[in-house]
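Colleague: This is input-v2.cif (mmCIF, C-alpha atoms).
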```
data_final
#
loop_
_atom_site.label_atom_id
_atom_site.label_comp_id
_atom_site.auth_asym_id
_atom_site.auth_seq_id
_atom_site.Cartn_x
_atom_site.Cartn_y
_atom_site.Cartn_z
CA MET A 29 -16.80 -1.81 0.46
CA VAL A 30 -19.10 -2.97 3.22
CA VAL A 31 -21.66 -0.66 4.83
CA VAL A 32 -22.93 -1.79 8.23
CA MET A 33 -26.18 -0.12 9.29
CA HIS A 34 -27.10 0.73 12.89
CA GLN A 35 -29.39 -1.62 14.76
CA GLY A 36 -32.86 -0.33 14.12
CA ALA A 37 -31.90 1.73 11.06
CA THR A 38 -35.13 2.55 9.25
CA ASP A 39 -36.03 1.20 5.84
CA GLU A 40 -35.84 4.73 4.47
CA GLN A 41 -32.26 5.12 5.73
CA ILE A 42 -31.22 1.79 4.22
CA GLN A 43 -32.90 2.70 0.93
CA LYS A 44 -31.06 5.99 0.85
CA VAL A 45 -27.70 4.21 1.15
CA ILE A 46 -28.60 1.65 -1.55
CA ASP A 47 -29.84 4.46 -3.76
CA ARG A 48 -26.55 6.38 -3.42
CA LEU A 49 -24.43 3.24 -3.96
CA THR A 50 -26.45 2.28 -7.01
CA SER A 51 -26.25 5.71 -8.58
CA LEU A 52 -22.45 5.68 -8.15
CA GLY A 53 -22.27 2.46 -10.13
CA PHE A 54 -21.93 -0.14 -7.38
CA ASP A 55 -23.70 -3.47 -7.40
CA VAL A 56 -25.30 -3.84 -3.97
CA HIS A 57 -25.71 -7.03 -1.98
CA ARG A 58 -28.21 -6.47 0.75
CA SER A 59 -28.25 -8.77 3.73
CA THR A 60 -30.91 -8.23 6.37
CA GLY A 61 -30.04 -9.78 9.71
CA ALA A 62 -32.18 -10.15 12.83
CA ALA A 63 -31.10 -6.70 14.03
CA THR A 64 -28.52 -5.31 11.63
CA THR A 65 -28.54 -4.83 7.89
CA VAL A 66 -25.26 -5.12 6.01
CA LEU A 67 -24.78 -3.78 2.48
CA GLY A 68 -21.97 -5.15 0.37
CA ALA A 69 -20.92 -2.91 -2.54
CA VAL A 70 -18.94 -4.36 -5.43
CA GLY A 71 -17.30 -2.61 -8.35
CA VAL A 72 -15.46 -0.04 -6.26
CA ARG A 73 -13.58 2.73 -8.01
CA ALA A 74 -10.07 3.64 -6.81
CA ASP A 75 -10.92 7.30 -6.25
CA PHE A 76 -13.76 6.51 -3.93
CA ASP A 77 -14.21 8.37 -0.61
CA ILE A 78 -15.86 6.19 2.04
CA ARG A 79 -16.56 9.15 4.34
CA GLU A 80 -19.53 10.09 2.18
CA PHE A 81 -21.26 6.95 3.47
CA GLU A 82 -20.04 7.26 7.04
CA LEU A 83 -22.02 10.51 7.20
CA LEU A 84 -25.33 9.08 5.95
CA ASP A 85 -28.07 8.59 8.55
CA GLY A 86 -28.31 5.12 10.00
CA VAL A 87 -24.78 4.05 9.00
CA ARG A 88 -22.68 2.57 11.80
CA GLU A 89 -19.52 1.60 9.97
CA VAL A 90 -18.01 1.58 6.50
CA VAL A 91 -15.17 -0.78 5.68
CA ARG A 92 -13.06 -0.36 2.58
CA ILE A 93 -11.90 -3.68 1.13
CA THR A 94 -9.95 -2.67 -1.96
CA GLN A 95 -6.69 -0.73 -1.67
CA PRO A 96 -6.51 2.82 -2.98
CA TYR A 97 -3.14 2.12 -4.66
CA LYS A 98 -2.76 -0.11 -7.72
CA LEU A 99 0.78 -0.04 -9.18
CA ALA A 100 2.39 -0.39 -5.73
CA ALA A 101 0.08 -3.24 -4.70
CA ARG A 102 1.44 -6.77 -4.44
CA ALA A 103 -1.19 -7.96 -6.92
CA PHE A 104 0.42 -5.81 -9.63
CA ARG A 105 3.56 -8.00 -9.60
CA SER A 106 3.03 -10.92 -7.25
CA GLU A 107 6.55 -12.34 -7.58
CA GLY A 108 8.11 -9.15 -6.16
CA THR A 109 10.24 -6.51 -7.82
CA ILE A 110 14.01 -6.65 -8.22
CA ILE A 111 15.57 -3.27 -8.99
CA LYS A 112 18.97 -3.04 -10.65
CA LEU A 113 20.95 -0.28 -8.95
CA GLY A 114 24.36 -0.74 -10.55
CA LYS A 115 26.41 -3.15 -12.60
CA ASN A 116 26.42 -5.96 -10.01
CA VAL A 117 23.98 -4.66 -7.45
CA SER A 118 20.25 -5.39 -7.37
CA ILE A 119 17.79 -4.97 -4.52
CA GLY A 120 14.71 -7.09 -3.85
CA GLY A 121 16.45 -10.39 -4.69
CA PRO A 122 18.13 -12.88 -2.34
CA GLU A 123 20.92 -10.49 -1.33
CA VAL A 124 20.38 -8.01 1.50
CA ILE A 125 21.91 -4.73 0.29
CA VAL A 126 23.52 -2.44 2.84
CA ALA A 127 24.03 1.27 2.30
CA ALA A 128 26.35 2.90 4.82
CA GLY A 129 28.04 6.23 5.35
CA PRO A 130 27.92 9.45 7.29
CA CYS A 131 24.82 11.52 7.88
CA SER A 132 26.50 14.45 6.10
CA VAL A 133 29.47 14.72 3.81
CA GLU A 134 31.89 16.95 5.72
CA SER A 135 35.28 16.77 3.96
CA PRO A 136 37.17 14.70 1.35
CA GLU A 137 39.17 13.02 4.14
CA GLN A 138 36.06 12.09 6.09
CA ILE A 139 34.08 10.64 3.18
CA ASN A 140 37.09 8.75 1.82
CA ALA A 141 37.89 7.19 5.17
CA VAL A 142 34.27 6.10 5.68
CA ALA A 143 33.92 4.82 2.10
CA ALA A 144 37.08 2.71 2.43
CA SER A 145 35.95 1.09 5.69
CA VAL A 146 32.31 0.41 4.79
CA ALA A 147 33.35 -1.07 1.43
CA ARG A 148 35.76 -3.38 3.23
CA SER A 149 32.94 -4.49 5.56
CA GLY A 150 30.61 -5.41 2.69
CA ALA A 151 28.45 -2.33 2.09
CA LYS A 152 27.39 -1.90 -1.54
CA ILE A 153 26.22 1.68 -1.41
CA LEU A 154 27.73 4.82 0.08
CA ARG A 155 25.19 7.09 1.72
CA GLY A 156 25.83 10.70 2.60
CA GLY A 157 23.87 13.92 2.83
CA ALA A 158 24.66 16.91 0.66
CA PHE A 159 21.49 18.88 1.39
CA LYS A 160 20.39 18.37 4.98
CA PRO A 161 16.81 18.98 6.06
CA ARG A 162 17.55 19.76 9.70
CA SER A 163 14.89 20.53 12.29
CA SER A 164 16.64 23.78 13.19
CA PRO A 165 17.79 26.36 10.61
CA TYR A 166 20.80 27.20 12.82
CA THR A 167 22.41 23.74 12.57
CA PHE A 168 24.77 22.52 9.81
CA GLN A 169 22.81 22.46 6.51
CA GLY A 170 25.15 20.35 4.39
CA MET A 171 27.88 21.09 1.84
CA GLY A 172 25.52 21.06 -1.16
CA GLU A 173 26.68 20.33 -4.68
CA LYS A 174 30.33 20.03 -3.63
CA ALA A 175 29.38 17.14 -1.34
CA LEU A 176 27.92 15.19 -4.26
CA ARG A 177 31.19 15.33 -6.18
CA LEU A 178 33.09 14.15 -3.05
CA LEU A 179 30.59 11.32 -2.56
CA ARG A 180 30.87 10.23 -6.21
CA ASP A 181 34.67 10.24 -6.15
CA ALA A 182 34.89 8.36 -2.86
CA ALA A 183 32.32 5.79 -4.02
CA ASP A 184 34.00 5.23 -7.41
CA LYS A 185 37.36 4.80 -5.73
CA HIS A 186 36.01 2.02 -3.51
CA GLY A 187 33.57 0.31 -5.90
CA LEU A 188 30.43 1.62 -4.21
CA LEU A 189 27.18 3.11 -5.50
CA VAL A 190 25.82 6.42 -4.19
CA VAL A 191 22.53 7.30 -2.53
CA SER A 192 21.81 10.89 -1.49
CA GLU A 193 18.76 12.90 -0.63
CA VAL A 194 17.04 15.20 -3.10
CA MET A 195 15.23 18.07 -1.40
CA ASP A 196 13.66 19.82 -4.33
CA ALA A 197 12.75 19.03 -7.94
CA SER A 198 15.15 21.75 -9.13
CA GLN A 199 18.11 19.67 -7.82
CA ILE A 200 17.27 16.58 -9.90
CA PRO A 201 19.19 17.42 -13.14
CA MET A 202 22.34 18.31 -11.19
CA MET A 203 22.10 15.15 -9.05
CA LEU A 204 21.37 12.61 -11.81
CA PRO A 205 25.01 12.08 -12.93
CA MET A 206 26.26 12.07 -9.32
CA VAL A 207 24.04 9.49 -7.64
CA ASP A 208 22.77 5.97 -8.36
CA VAL A 209 19.74 6.24 -6.12
CA LEU A 210 17.77 9.39 -5.33
CA GLN A 211 16.52 9.47 -1.75
CA VAL A 212 13.31 11.19 -0.67
CA GLY A 213 13.52 12.03 3.02
CA ALA A 214 10.81 11.45 5.59
CA ARG A 215 9.93 15.14 5.65
CA ASN A 216 9.34 15.14 1.90
CA MET A 217 7.35 11.90 1.67
CA GLN A 218 4.17 13.83 0.93
CA ASN A 219 5.76 16.50 -1.28
CA TYR A 220 3.68 15.36 -4.21
CA TYR A 221 5.24 17.85 -6.64
CA LEU A 222 8.69 16.35 -5.93
CA LEU A 223 7.31 12.80 -6.18
CA ARG A 224 5.79 13.50 -9.60
CA ALA A 225 9.08 15.00 -10.79
CA LEU A 226 10.91 11.85 -9.64
CA GLY A 227 8.38 9.80 -11.57
CA GLU A 228 9.78 11.27 -14.75
CA VAL A 229 13.43 10.32 -14.23
CA ASN A 230 15.13 7.07 -15.11
CA LYS A 231 16.79 6.46 -11.75
CA PRO A 232 15.77 4.36 -8.72
CA VAL A 233 14.14 6.28 -5.86
CA LEU A 234 14.48 5.43 -2.18
CA LEU A 235 11.30 6.68 -0.54
CA LYS A 236 11.43 7.12 3.23
CA ARG A 237 8.30 6.77 5.34
CA GLY A 238 7.22 10.08 6.86
CA MET A 239 7.52 10.18 10.63
CA SER A 240 3.77 10.42 11.04
CA ALA A 241 2.74 8.57 7.89
CA THR A 242 0.72 5.38 7.85
CA ILE A 243 1.82 2.45 5.72
CA GLU A 244 -1.04 3.20 3.34
CA GLU A 245 0.14 6.81 2.95
CA LEU A 246 3.68 5.57 2.21
CA LEU A 247 2.34 3.25 -0.49
CA LEU A 248 0.23 6.07 -1.94
CA SER A 249 3.37 8.23 -2.16
CA ALA A 250 5.10 5.38 -4.02
CA GLU A 251 2.05 5.31 -6.29
CA TYR A 252 2.66 8.98 -7.15
CA ILE A 253 6.17 8.19 -8.41
CA MET A 254 5.08 5.02 -10.21
CA SER A 255 2.01 6.53 -11.86
CA SER A 256 4.27 9.21 -13.33
CA GLY A 257 6.34 6.52 -15.04
CA ASN A 258 9.20 5.49 -12.72
CA HIS A 259 8.52 2.00 -11.31
CA ASP A 260 11.91 1.67 -9.56
CA VAL A 261 10.85 2.62 -6.05
CA ILE A 262 12.46 1.28 -2.88
CA LEU A 263 10.52 1.86 0.34
CA CYS A 264 12.24 2.65 3.63
CA GLU A 265 11.00 2.27 7.21
CA ARG A 266 12.89 4.84 9.32
CA GLY A 267 10.87 5.07 12.52
CA ILE A 268 7.67 6.87 13.36
CA ARG A 269 6.64 9.29 16.12
CA THR A 270 5.06 7.56 19.09
CA PHE A 271 4.53 8.47 22.76
CA GLU A 272 7.87 6.80 23.61
CA THR A 273 10.63 9.37 24.12
CA TYR A 274 13.54 7.07 24.97
CA THR A 275 14.41 6.61 21.32
CA ARG A 276 14.35 9.37 18.70
CA ASN A 277 11.67 7.49 16.75
CA THR A 278 10.05 4.07 17.12
CA LEU A 279 11.32 1.78 14.37
CA ASP A 280 8.21 -0.01 13.12
CA ILE A 281 9.70 -3.43 12.41
CA ALA A 282 6.21 -4.84 11.79
CA ALA A 283 5.93 -2.50 8.81
CA ILE A 284 8.48 -4.69 6.99
CA PRO A 285 6.41 -7.91 6.78
CA ILE A 286 3.23 -5.85 6.34
CA ILE A 287 4.66 -3.97 3.35
CA LYS A 288 6.04 -7.24 1.96
CA LYS A 289 2.48 -8.52 1.93
CA LEU A 290 0.80 -5.36 0.62
CA SER A 291 3.39 -4.40 -1.99
CA HIS A 292 5.85 -5.92 -4.47
CA LEU A 293 8.37 -3.11 -3.91
CA PRO A 294 11.63 -3.70 -2.01
CA ILE A 295 11.63 -2.45 1.59
CA VAL A 296 14.69 -1.42 3.55
CA ALA A 297 15.11 -0.26 7.15
CA ASP A 298 17.03 2.68 8.60
CA PRO A 299 17.78 1.75 12.23
CA SER A 300 20.00 4.83 12.67
CA HIS A 301 17.15 7.32 12.36
CA GLY A 302 14.79 4.67 13.67
CA THR A 303 16.41 4.73 17.12
CA GLY A 304 18.75 7.75 17.16
CA LEU A 305 21.05 5.90 19.57
CA ARG A 306 24.29 4.25 18.47
CA ASP A 307 24.03 1.23 20.79
CA LYS A 308 20.48 0.46 19.58
CA VAL A 309 21.36 0.49 15.88
CA ALA A 310 22.88 -2.98 15.60
CA PRO A 311 20.08 -4.83 17.47
CA MET A 312 17.42 -3.16 15.30
CA ALA A 313 19.43 -3.80 12.13
CA ARG A 314 19.55 -7.49 13.04
CA ALA A 315 15.81 -7.47 13.75
CA ALA A 316 15.05 -5.79 10.41
CA VAL A 317 16.98 -8.41 8.44
CA ALA A 318 15.33 -11.19 10.42
CA ALA A 319 11.94 -9.60 9.63
CA GLY A 320 12.64 -9.77 5.89
CA ALA A 321 14.11 -6.37 4.98
CA ASP A 322 15.70 -6.22 1.51
CA GLY A 323 18.35 -3.82 2.72
CA LEU A 324 19.60 -1.47 5.41
CA LEU A 325 20.59 2.17 5.57
CA ILE A 326 23.15 2.69 8.32
CA GLU A 327 25.02 5.75 9.46
CA VAL A 328 28.74 5.17 9.92
CA HIS A 329 31.25 7.89 10.80
CA ASN A 330 35.01 7.64 11.17
CA ASP A 331 34.88 10.13 14.07
CA PRO A 332 31.31 10.28 15.43
CA GLU A 333 32.22 12.49 18.39
CA HIS A 334 33.10 15.28 16.01
CA ALA A 335 30.39 14.66 13.39
CA LEU A 336 28.58 17.79 12.23
CA SER A 337 25.21 16.01 12.39
CA ASP A 338 23.74 12.90 14.01
CA GLY A 339 27.02 11.75 15.60
CA ALA A 340 25.14 10.03 18.43
CA GLN A 341 23.44 7.60 16.05
CA SER A 342 26.48 6.88 13.85
CA LEU A 343 28.37 3.62 14.26
CA TYR A 344 32.15 3.46 14.53
CA PRO A 345 33.65 1.63 11.53
CA ASP A 346 34.58 -1.42 13.64
CA GLN A 347 31.02 -1.59 15.06
CA PHE A 348 29.70 -1.60 11.50
CA SER A 349 32.11 -4.36 10.53
CA GLN A 350 30.95 -6.43 13.53
CA LEU A 351 27.30 -5.85 12.58
CA MET A 352 27.92 -7.04 9.01
CA ALA A 353 29.49 -10.23 10.38
CA GLU A 354 26.39 -10.84 12.51
CA LEU A 355 24.07 -10.20 9.56
CA ARG A 356 25.95 -12.85 7.57
CA ILE A 357 24.80 -15.37 10.20
CA ILE A 358 21.21 -14.10 10.47
CA ALA A 359 20.43 -13.67 6.75
CA PRO A 360 20.73 -17.38 5.76
CA ALA A 361 18.23 -18.31 8.49
CA VAL A 362 15.58 -16.35 6.56
CA GLY A 363 16.72 -17.45 3.10
CA ARG A 364 18.85 -14.39 2.32
CA ARG A 365 22.54 -13.56 2.09
CA VAL A 366 24.78 -10.61 2.88
CA ALA A 367 27.93 -9.81 0.90
CA MET B 159 -38.20 -45.95 1.98
CA LYS B 160 -36.51 -43.40 -0.26
CA SER B 161 -32.72 -43.35 -0.04
CA ILE B 162 -30.43 -40.30 0.22
CA ASP B 163 -29.70 -40.72 -3.47
CA ASP B 164 -33.41 -40.57 -4.26
CA TRP B 165 -33.77 -37.28 -2.37
CA ARG B 166 -30.68 -35.89 -4.02
CA ARG B 167 -32.07 -36.71 -7.45
CA ARG B 168 -35.22 -34.85 -6.48
CA ILE B 169 -33.12 -31.84 -5.36
CA ASP B 170 -31.16 -31.90 -8.62
CA GLU B 171 -34.42 -31.75 -10.56
CA ILE B 172 -35.72 -28.84 -8.44
CA ASP B 173 -32.42 -26.99 -8.90
CA ARG B 174 -32.70 -27.41 -12.66
CA GLN B 175 -36.13 -25.77 -12.57
CA LEU B 176 -34.88 -23.03 -10.23
CA VAL B 177 -32.04 -22.12 -12.58
CA GLU B 178 -34.46 -22.02 -15.51
CA LEU B 179 -36.92 -19.83 -13.60
CA LEU B 180 -34.19 -17.52 -12.30
CA ASN B 181 -32.95 -16.98 -15.83
CA GLU B 182 -36.44 -16.34 -17.08
CA ARG B 183 -36.86 -13.83 -14.26
CA SER B 184 -33.58 -12.10 -15.15
CA GLN B 185 -34.68 -11.78 -18.79
CA CYS B 186 -37.73 -9.90 -17.51
CA ALA B 187 -35.41 -7.67 -15.48
CA ALA B 188 -33.29 -6.96 -18.56
CA GLU B 189 -36.41 -5.96 -20.51
CA ILE B 190 -37.39 -3.65 -17.68
CA GLY B 191 -33.86 -2.20 -17.75
CA HIS B 192 -34.21 -1.29 -21.45
CA ARG B 193 -37.53 0.39 -20.78
CA LYS B 194 -36.20 2.26 -17.74
CA LEU B 195 -33.40 3.60 -19.91
CA GLN B 196 -35.85 4.77 -22.59
CA ALA B 197 -38.20 6.30 -20.03
CA ASN B 198 -35.28 7.82 -18.11
CA LEU B 199 -36.33 6.07 -14.89
CA PRO B 200 -33.94 5.30 -12.01
CA LEU B 201 -32.45 1.83 -11.71
CA TYR B 202 -33.17 1.50 -8.02
CA GLN B 203 -36.86 1.61 -7.11
CA PRO B 204 -37.18 0.71 -3.44
CA GLU B 205 -40.99 0.69 -3.41
CA ARG B 206 -41.05 -1.99 -6.08
CA GLU B 207 -38.46 -4.07 -4.23
CA LYS B 208 -40.56 -3.85 -1.09
CA GLU B 209 -43.55 -5.12 -3.05
CA VAL B 210 -41.54 -8.07 -4.41
CA LEU B 211 -40.43 -9.06 -0.91
CA ALA B 212 -43.97 -8.70 0.46
CA ASN B 213 -45.33 -10.87 -2.37
CA ALA B 214 -42.73 -13.53 -1.63
CA GLU B 215 -43.61 -13.58 2.05
CA ARG B 216 -47.33 -13.66 1.32
CA ASN B 217 -46.85 -16.68 -0.92
CA ASN B 218 -44.76 -18.45 1.68
CA ARG B 219 -46.47 -21.50 3.22
CA GLY B 220 -43.38 -22.88 4.96
CA PRO B 221 -41.52 -24.70 6.24
CA LEU B 222 -39.01 -21.93 5.46
CA PRO B 223 -39.58 -18.96 7.81
CA ASP B 224 -40.45 -15.59 6.25
CA THR B 225 -37.02 -14.24 7.24
CA ALA B 226 -35.32 -16.97 5.21
CA ILE B 227 -37.51 -16.23 2.20
CA ARG B 228 -36.67 -12.54 2.58
CA ARG B 229 -32.92 -13.23 2.64
CA LEU B 230 -33.12 -15.43 -0.44
CA PHE B 231 -35.16 -12.85 -2.34
CA GLU B 232 -32.80 -10.06 -1.33
CA ARG B 233 -30.09 -11.93 -3.23
CA ILE B 234 -32.41 -12.39 -6.21
CA LEU B 235 -33.14 -8.64 -6.17
CA ASP B 236 -29.39 -7.85 -5.95
CA GLU B 237 -28.76 -9.88 -9.09
CA ALA B 238 -31.79 -8.37 -10.84
CA ARG B 239 -30.45 -4.87 -10.17
CA SER B 240 -27.13 -5.93 -11.64
CA VAL B 241 -28.82 -7.33 -14.77
CA GLU B 242 -30.88 -4.15 -15.14
CA ARG B 243 -27.78 -1.98 -14.77
CA HIS B 244 -26.10 -3.95 -17.54
CA ALA B 245 -29.16 -3.51 -19.75
CA MET B 246 -29.28 0.20 -18.93
CA THR B 247 -25.71 0.84 -20.07
CA PRO B 248 -26.33 2.50 -23.46
CA ASP B 249 -23.74 0.31 -25.29
CA ASN B 250 -25.30 -2.95 -24.15
CA SER B 251 -28.77 -1.66 -24.83
CA GLN B 252 -27.95 -0.85 -28.46
CA LYS B 253 -26.38 -4.27 -29.05
CA LYS B 254 -29.62 -5.92 -28.00
CA GLU B 255 -31.72 -4.03 -30.50
#
```
Write out the structure in this file as structure tokens.
Modeller:
Amino acid sequence: MVVVMHQGATDEQIQKVIDRLTSLGFDVHRSTGAATTVLGAVGVRADFDIREFELLDGVREVVRITQPYKLAARAFRSEGTIIKLGKNVSIGGPEVIVAAGPCSVESPEQINAVAASVARSGAKILRGGAFKPRSSPYTFQGMGEKALRLLRDAADKHGLLVVSEVMDASQIPMMLPMVDVLQVGARNMQNYYLLRALGEVNKPVLLKRGMSATIEELLLSAEYIMSSGNHDVILCERGIRTFETYTRNTLDIAAIPIIKKLSHLPIVADPSHGTGLRDKVAPMARAAVAAGADGLLIEVHNDPEHALSDGAQSLYPDQFSQLMAELRIIAPAVGRRVA
Amino acid sequence: MKSIDDWRRRIDEIDRQLVELLNERSQCAAEIGHRKLQANLPLYQPEREKEVLANAERNNRGPLPDTAIRRLFERILDEARSVERHAMTPDNSQKKE
């Protein structure tokens, strides 16, 4: 941590800061400039709150240098983490893994039709919501447990893995045999009770970035899961709230290379929720792969016009197939491949 | 006329003495650390640090400006505090005795 004092800060004010730093266990490097004194503090503890120093008299600025997360930090495993999801599917390695499927599971016919087409196009994972956290309580809330069974059957039939969202810790035991990856939705990213519960299971977790969460907050949420024992965490950029209203959210593509640098965990992008508009999904999916994403989460529906949720952001099966063909050209340019 | 090599040899000799003196100084700091621990005194004593800096400036006859001497001694004080902290950690203190 670096504490920059105001120009003209008094000796007493500077001494007070050094005194506090010293008593907390820091080694202090004092550097007196012509006008400004800078105090470098080494030996920072992870649980440290810099605001305490921002409030001391004479302090202009406090800069934290160490990261508040440890297990999720790149330094913890500098070569990067590869997570085995199924027999022949791993994420974080050279292959870009695509999960595709409808927003919600609606019927056996629907999920089977989608599973067949996305498997043919090269997707490795079938996505589909069973419990839907919708903004309005009056909209379709998902088919629940029944949907999980439909998802599992459709995926098994077409050689796919399953990812589905867990809304509450009480659902975990029932979901474990049905899914290969447990998804934490954006709205639950800071549900620390749920995150701790997921830290105790032996199943990969796909953690979505909250719509108003910073990258650091996302990594701290991953830290919750990891510090409870489960190190198989996949991060997901799914768009954040900005002042722009044209798209549903603003997909933060820059978060991908930033997270790659800060963390060893795989990072995937969800351009469907990231834009909310069908015709913007493919361009952003291409951008995400070019930016280094380890995977994609894409909504595909066999009949988007009649979808019970998020039809406007779901691709038609042939659009998805076209996108996969484009990704097969883009991926090798950045040292990756797509099935 | 003395060559660059001659001057560098002179600097090497001065550095050797500096390192020796700095270590001697840090041994004094460690002793003080032990005594501060026994007397239950705080590690950081700003009045004493002020005195050390004032002494250094008073002894300064140039050509280094007082501000340069102050900056150099601030670093020496930083390291002395670190040595004293180490000496004041009960475990380390016991090992010494």
Colleague: Of the residues B:Ile234, B:Thr247, B:Glu207, B:Glu242, which is the one nearest to Leu179 in chain B, using only C-alpha atoms?
Modeller: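 Under the stated criterion, the closest residue is B:Ile234.
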Colleague: As an exercise, work out the distance from CA of Ile78 in chain A to CA of Thr50 in chain A in Å and give it to one decimal place.
Modeller: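 CA of Thr50 in chain A lies 14.5 Å from CA of Ile78 in chain A.
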Colleague: Residues of chain A that have any atom at most 8 Å from an atom of chain B: could you tabulate them with the shortest-distance atom pair and the distance in Å to one decimal, using only C-alpha atoms, ordered by chain and increasing number, as a tab-separated table?
Modeller:
```
residue	atom	partner	partner_atom	distance
A:Gln43	CA	B:Pro204	CA	6.4
A:Ile46	CA	B:Tyr202	CA	7.9
A:Asp47	CA	B:Tyr202	CA	6.2
A:Thr50	CA	B:Tyr202	CA	6.8
A:Ser51	CA	B:Leu201	CA	8.0
A:Asp55	CA	B:Ser240	CA	6.0
A:Val56	CA	B:Asp236	CA	6.1
A:His57	CA	B:Asp236	CA	5.5
A:Arg58	CA	B:Glu232	CA	6.2
A:Ser59	CA	B:Arg229	CA	6.5
A:Thr60	CA	B:Arg229	CA	6.6
```
Colleague: When the PyMOL selection byres ((chain A and resi 219) around 12) is applied to the file above, which residues end up in the set, as an MDAnalysis selection string?
Modeller: chainID A and resid 194:197 212:218 220:226 235:236 238 245:246 248:250 252:253
Colleague: Could you list the residues chosen by the PyMOL selection byres ((chain A and resi 166-170) around 10) in this structure as a list in words?
Modeller: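 With the shown file as input, the PyMOL selection byres ((chain A and resi 166-170) around 10) matches Cys131, Ser132, Val133, Glu134, Gly156, Gly157, Ala158, Phe159, Lys160, Pro161, Arg162, Ser163, Ser164, Pro165, Met171, Gly172, Glu173, Lys174, Ala175, Leu336 and Ser337 of chain A.
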Colleague: Taking into account all atoms listed in the file, which residue in the set A:Arg356, A:Ile125, A:Val31, A:Leu113 is nearest to Glu89 in chain A?
Modeller: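 Of A:Arg356, A:Ile125, A:Val31, A:Leu113, the one nearest Glu89 in chain A is A:Val31, counting all atoms listed in the file.
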Colleague: For the file shown, report as a ChimeraX atom specification the outcome of the PyMOL selection byres ((chain A and resi 86) around 9) at residue level.
Modeller: /A:32-38,41-42,45,83-85,87-88
Colleague: For CA of His186 in chain A and CA of Asn140 in chain A, determine how far apart the two atoms are, in Å to one decimal place.
Modeller: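 Going from CA of His186 in chain A over to CA of Asn140 in chain A, I get 8.7 Å.
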Colleague: Extract, using all atoms listed in the file, all DNA, RNA and protein residues at most 7 Å from Val126 in chain A, discarding same-chain residues fewer than 6 positions from it, and format them as a PyMOL selection string.
Modeller: chain A and resi 151-153+323-325
Colleague: CA of Ala238 in chain B and CA of Ser184 in chain B, how far apart in Å?
Modeller: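 So the answer is 6.0 Å.
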Colleague: Neighbours of Ala147 in chain A within 10 Å (all atoms listed in the file; same-chain residues fewer than 3 positions away dropped), as a count of residues only?
Modeller: 16
Colleague: Quick one: everything within 8 Å of His192 in chain B, counting all atoms listed in the file, minus sequence neighbours fewer than 4 positions away in the same chain. Send it as an NGL selection string.
Modeller: :B and (188 or 196 or 242 or 245-246 or 251)
Colleague: Name all residues at most 7 Å from range 276-286 of chain A (count all atoms listed in the file; drop same-chain ones fewer than 2 positions away) and give them as a VMD selection string.
Modeller: chain A and resid 265 to 270 273 to 274 288 to 290 295 299 302 to 304 316 319 to 321
Colleague: Please produce a file of those selected residues containing C-alpha atoms, as a PDB file, in the coordinates of the input.
Modeller:
```pdb
ATOM      1  CA  GLU A 265      11.000   2.270   7.210  1.00  0.00           C
ATOM      2  CA  ARG A 266      12.890   4.840   9.320  1.00  0.00           C
ATOM      3  CA  GLY A 267      10.870   5.070  12.520  1.00  0.00           C
ATOM      4  CA  ILE A 268       7.670   6.870  13.360  1.00  0.00           C
ATOM      5  CA  ARG A 269       6.640   9.290  16.120  1.00  0.00           C
ATOM      6  CA  THR A 270       5.060   7.560  19.090  1.00  0.00           C
ATOM      7  CA  THR A 273      10.630   9.370  24.120  1.00  0.00           C
ATOM      8  CA  TYR A 274      13.540   7.070  24.970  1.00  0.00           C
ATOM      9  CA  LYS A 288       6.040  -7.240   1.960  1.00  0.00           C
ATOM     10  CA  LYS A 289       2.480  -8.520   1.930  1.00  0.00           C
ATOM     11  CA  LEU A 290       0.800  -5.360   0.620  1.00  0.00           C
ATOM     12  CA  ILE A 295      11.630  -2.450   1.590  1.00  0.00           C
ATOM     13  CA  PRO A 299      17.780   1.750  12.230  1.00  0.00           C
ATOM     14  CA  GLY A 302      14.790   4.670  13.670  1.00  0.00           C
ATOM     15  CA  THR A 303      16.410   4.730  17.120  1.00  0.00           C
ATOM     16  CA  GLY A 304      18.750   7.750  17.160  1.00  0.00           C
ATOM     17  CA  ALA A 316      15.050  -5.790  10.410  1.00  0.00           C
ATOM     18  CA  ALA A 319      11.940  -9.600   9.630  1.00  0.00           C
ATOM     19  CA  GLY A 320      12.640  -9.770   5.890  1.00  0.00           C
ATOM     20  CA  ALA A 321      14.110  -6.370   4.980  1.00  0.00           C
TER      21      ALA A 321
END
```
Colleague: Please determine, counting only C-alpha atoms, which residue among A:Ala315, A:Leu210, A:Phe271, A:Pro294 has the shortest atom-to-atom distance to Ser240 in chain A.
Modeller: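 Nearest to Ser240 in chain A: A:Phe271.
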